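Below is one structure, written out as structure tokens, with a few remarks after it.
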Amino acid sequence: MAQARRTDRLGGSILQTPDQIRHRMAEGRRLALLQGTRGLLYWNLITIGLIFALLLLPGSDVIAGNLKYVMFNAVLCSAVTWWRLGVPIRFIWPIRFVILVQVWLTLCSYLASMQLARTNDFETSNYFLIATIIYFVNTATISHVWHEYRKWILNALLLTVGISCAIGFLQFLKVPPALAIARIYNSNTEITAWGADQFGMVAYGAGSVRAVGLGAWPEWLAFHGLLGWGIIASRLYRRPLAAWEVALASFFLLVTLMAQSRIMYISVAVCTLVFLYLLVKRDRKNGKRYLVAFVGVLILLVAVAGERLGYALQTNVKKDNALQYRQDIGWQQIYSIMDERPWTGIGPDDRLVWNVRRTVPDRYTQGAFVDNGFLLLLGWGGLPALALFLPIILLGLGSALLIVRDRNISFERRQMAFIGGLSMGLVLNNMMLNNGFTNLWMNCIIAAIGGMATPNSDEVNQELQARYHIRRRRQSQDAISYAATTE
């Protein structure tokens, strides 16, 4: 039998059999695979971290214009990871409807270009929903292969929204550096004079402060605050909260109040009731104390800082200038479109949501924000667009509820489902008086949370065994089992 020869450290000769050579070659391939999968892990984490960073950066044409490059990196990362590791990715129903919505809007854009001679410059509105699909795949891959990093990503998101909320709190206190940051992020309106004669109507809310944090607009700070609350509150499904966690969750809720995004107060009220209920249910002794303390702080905030909350507290629906602006100018654009093109709209158009300042008024667009997500969908893609979009929200809420209530499912998945369902509810709430589904980076984060709610092989086995007392056949050791070792 042929034998191979190698040299040891002392210069001697050691004989190797063919089996030993094959074993060493296999170990070499395994080591190379592990090193490669670590690189893919870091690439996926950096890709997701980029979105967290962009969420905190001020909006600009430079960032929005480079969205296609951010997406290309994410697509390449997903494709290489899937090809190298063979990760089975299953598109959940909300993601499937996202694909259908984007395909329909692309078709509407083509029809508007052909029938109305409207420009079709492949703007952000033509492909921004695709980013959600990509980031769903990114985090679904991590959830399947490196599921221990779910907690890392969630803590990074908590830190991200926590920074924004801390800045928002300082803005509410009128700390000068924080107010300067607000002017950088929102140059349209001074946050200390938001309701002061914006459209030539009667001013109200004098002395109020609408904090924006690092979200540019109050409604996005409200998103940040409620997401932070959701991350902390979701821990109640496993254990009672520590005192500092209760304080942090309460801080997020109070900052959401300070943003004074009035339509989001619906979500604030629901989340507060859910939070207090879960606190008392999980820990009756301390929960009641926390409930009394939270209500006391809330009353104290309104009593001491009532003037700064004046924008919300002095709201008069019949004389609200922001609502009248929407009804008289912003929404009229969509009514005109629906009169002529109820089934296909005018296609995705940045001039209705992002680039209103660049609008050249025509029969359809007047250079005004629509500020109603349902109407925006009607204007872009007619009735079919809205009909395809609503299942995204409803299926997302329904799936989250089913997962959260199923005790056979791992806590990590239930936690992600709770936060994902909360996100869907926030989008639905925001769409009533804002364009809740058009925040590029928030969409990516919501999709990433959905991706992390998908199960890995071990979780599927555990759920099948707990529910039906059956176990899937053991999978052979492959790239995924090697990749699971990240040491």
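The chains in the structure tokens are called A, B, ... from first to last as shown; in each chain the residues are counted from 1, and the ligands are counted from 1 in the order shown.
Close contacts of Ile232 of chain A, defined as residues with an atom at most 7 Å away when counting only C-alpha atoms, with chain neighbours fewer than 3 positions off set aside, comprise Gly228, Trp229, Arg235, Glu245 and Ala249 of chain A.
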### Task
Skip segment 362-366 of chain A itself and residues of its chain fewer than 4 positions away, then list as an MDAnalysis selection string all residues within 12 Å of it, counting only C-alpha atoms.
chainID A and resid 112 116 118 328:341 345:347 349:353 355:358 370 376 379:380
How about saving the chosen residues, C-alpha atoms kept, as an mmCIF file, in the first residue's frame?
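Contents of again-v6.cif, as written:
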data_model
loop_
_atom_site.group_PDB
_atom_site.id
_atom_site.type_symbol
_atom_site.label_atom_id
_atom_site.label_comp_id
_atom_site.auth_asym_id
_atom_site.auth_seq_id
_atom_site.Cartn_x
_atom_site.Cartn_y
_atom_site.Cartn_z
ATOM 1 C CA ALA A 112 -48.591 55.745 -16.094
ATOM 2 C CA LEU A 116 -49.887 59.697 -19.145
ATOM 3 C CA ARG A 118 -45.226 60.698 -16.730
ATOM 4 C CA ASP A 328 -57.804 70.679 1.791
ATOM 5 C CA ILE A 329 -54.501 70.133 -0.016
ATOM 6 C CA GLY A 330 -52.717 66.834 0.616
ATOM 7 C CA TRP A 331 -55.670 64.451 0.315
ATOM 8 C CA GLN A 332 -57.266 66.349 -2.559
ATOM 9 C CA GLN A 333 -54.401 65.174 -4.761
ATOM 10 C CA ILE A 334 -55.490 61.554 -4.259
ATOM 11 C CA TYR A 335 -59.169 62.328 -4.738
ATOM 12 C CA SER A 336 -58.357 63.759 -8.164
ATOM 13 C CA ILE A 337 -56.311 60.697 -9.076
ATOM 14 C CA MET A 338 -59.048 58.306 -7.932
ATOM 15 C CA ASP A 339 -61.662 60.117 -10.022
ATOM 16 C CA GLU A 340 -59.672 59.355 -13.188
ATOM 17 C CA ARG A 341 -57.606 56.252 -12.409
ATOM 18 C CA GLY A 345 -53.326 55.275 -9.957
ATOM 19 C CA ILE A 346 -50.340 57.168 -11.320
ATOM 20 C CA GLY A 347 -47.667 54.720 -10.187
ATOM 21 C CA ASP A 349 -44.115 58.894 -7.329
ATOM 22 C CA ASP A 350 -41.553 60.409 -4.957
ATOM 23 C CA ARG A 351 -43.274 63.772 -5.316
ATOM 24 C CA LEU A 352 -46.109 62.614 -3.078
ATOM 25 C CA VAL A 353 -44.007 61.560 -0.120
ATOM 26 C CA ASN A 355 -39.389 64.922 -2.772
ATOM 27 C CA VAL A 356 -42.382 67.242 -2.505
ATOM 28 C CA ARG A 357 -40.154 70.329 -2.673
ATOM 29 C CA ARG A 358 -39.061 69.363 -6.174
ATOM 30 C CA VAL A 370 -50.325 63.105 1.306
ATOM 31 C CA LEU A 376 -51.031 57.161 -0.756
ATOM 32 C CA GLY A 379 -52.807 57.240 -5.500
ATOM 33 C CA TRP A 380 -49.841 55.055 -6.400
#
### Task
Fewer than 2 positions away in the same chain doesn't count, so skip those; otherwise give me all residues within 8 Å of Arg282 of chain A, counting only C-alpha atoms, as a ChimeraX atom specification.
/A:236,239-240,278-280,284,287
Pull C-alpha atoms from the residues just selected and write them as a short mmCIF file (atom, residue, chain, number, x, y, z; two decimals), in the first residue's frame.
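The resulting file, part.cif, is reproduced below:
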data_model
loop_
_atom_site.label_atom_id
_atom_site.label_comp_id
_atom_site.auth_asym_id
_atom_site.auth_seq_id
_atom_site.Cartn_x
_atom_site.Cartn_y
_atom_site.Cartn_z
CA LEU A 236 -42.43 39.54 30.66
CA ARG A 239 -39.94 36.35 33.85
CA PRO A 240 -40.87 39.37 35.99
CA LEU A 278 -48.59 42.13 32.21
CA LEU A 279 -46.70 43.69 35.11
CA VAL A 280 -49.45 42.85 37.59
CA ARG A 284 -48.69 40.71 41.68
CA GLY A 287 -46.56 44.85 39.85
#
### Query
Do you know which residues are at most 8 Å from segment 250-266 of chain A counting only C-alpha atoms, after dropping those on the same chain fewer than 3 positions away, and could you put them as a ChimeraX atom specification?
/A:162,165,168-169,172,209-212,218-219,221-223,225-226,228-229,246-247,269-270,272,294,298,309,311-312,426,429-430,432-433
### Query
Quick one: distance from atom CA of Ala387 of chain A to atom CA of Phe369 of chain A in Å, one decimal?
22.1 Å
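Summary of the local environment: counting only C-alpha atoms, residues at most 8 Å from Pro348 of chain A, other than itself and those fewer than 5 positions away along its chain, are Leu105, Thr106, Cys108, Ser109, Ser125, Asn126, Trp380 and Gly381 of chain A.
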Could the residues in this selection be saved with N, CA and C atoms as a CSV table (one decimal), in the first residue's frame?
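Okay, this is what ended up in out.csv:
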chain,number,residue,atom,x,y,z
A,105,LEU,N,-47.1,47.8,-8.1
A,105,LEU,CA,-46.8,49.2,-8.2
A,105,LEU,C,-45.8,49.5,-9.4
A,106,THR,N,-44.9,48.5,-9.7
A,106,THR,CA,-44.1,48.6,-10.8
A,106,THR,C,-44.9,48.6,-12.1
A,108,CYS,N,-48.0,49.6,-12.4
A,108,CYS,CA,-48.7,50.8,-12.5
A,108,CYS,C,-47.8,52.0,-12.9
A,109,SER,N,-46.6,51.9,-12.5
A,109,SER,CA,-45.6,52.9,-12.9
A,109,SER,C,-45.4,52.9,-14.5
A,125,SER,N,-39.3,55.2,-4.8
A,125,SER,CA,-40.6,54.6,-4.6
A,125,SER,C,-40.9,53.4,-5.5
A,126,ASN,N,-40.0,53.2,-6.5
A,126,ASN,CA,-40.2,52.0,-7.4
A,126,ASN,C,-39.6,50.8,-6.8
A,380,TRP,N,-50.9,55.7,-5.7
A,380,TRP,CA,-49.8,55.1,-6.4
A,380,TRP,C,-50.3,53.9,-7.3
A,381,GLY,N,-51.2,53.1,-6.7
A,381,GLY,CA,-51.6,51.8,-7.4
A,381,GLY,C,-53.1,51.5,-7.4
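Of the residues listed (A:Leu440, A:Leu227, A:Ala117, A:Leu107), A:Leu227 shows the shortest atom-to-atom separation from Ile419 of chain A; distances use only C-alpha atoms.
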### Task
Find the residues near Asn155 of chain A: any atom within 9 Å, counting only C-alpha atoms, skip ones fewer than 5 places away on the same chain, and give them as a PyMOL selection string.
chain A and resi 150+160+231
### Task
Tell me, as a PyMOL selection string, which residues lie within 12 Å of Met431 of chain A, counting only C-alpha atoms; anything in the same chain fewer than 4 positions away does not count.
chain A and resi 219+263-264+370-377+386+389-390+393+424-427+435-439
Now that the selection is made, can you save its residues with C-alpha atoms as a compact mmCIF listing (two decimals), in the first residue's frame?
# COMPACT_ATOMS: atom_id res chain seq x y z
CA GLU A 219 -44.12 60.18 14.72
CA ILE A 263 -52.35 59.84 16.16
CA MET A 264 -49.77 57.59 17.83
CA VAL A 370 -50.32 63.11 1.31
CA ASP A 371 -49.90 62.15 4.99
CA ASN A 372 -52.25 59.19 4.86
CA GLY A 373 -50.80 55.80 4.03
CA PHE A 374 -54.06 54.35 2.76
CA LEU A 375 -54.65 57.25 0.38
CA LEU A 376 -51.03 57.16 -0.76
CA LEU A 377 -51.44 53.52 -1.81
CA LEU A 386 -54.52 48.82 -1.03
CA PHE A 389 -51.15 45.83 1.22
CA LEU A 390 -53.73 45.24 3.96
CA ILE A 393 -50.55 44.06 8.21
CA MET A 424 -47.28 46.03 12.43
CA GLY A 425 -49.76 47.70 14.76
CA LEU A 426 -47.66 50.87 14.83
CA VAL A 427 -47.56 51.01 11.03
CA ASN A 435 -47.28 57.64 5.53
CA GLY A 436 -46.43 54.86 7.95
CA PHE A 437 -44.99 52.40 5.44
CA THR A 438 -42.59 54.78 3.66
CA ASN A 439 -39.83 55.02 6.27
### Task
From a DSSP calculation on the backbone, collect every residue of segment 79-321 of chain A in alpha helix (DSSP H) and output the set as a VMD selection string.
chain A and resid 79 to 85 93 to 116 130 to 145 150 to 172 176 to 185 218 to 233 243 to 259 265 to 282 284 to 304 310 to 313 321
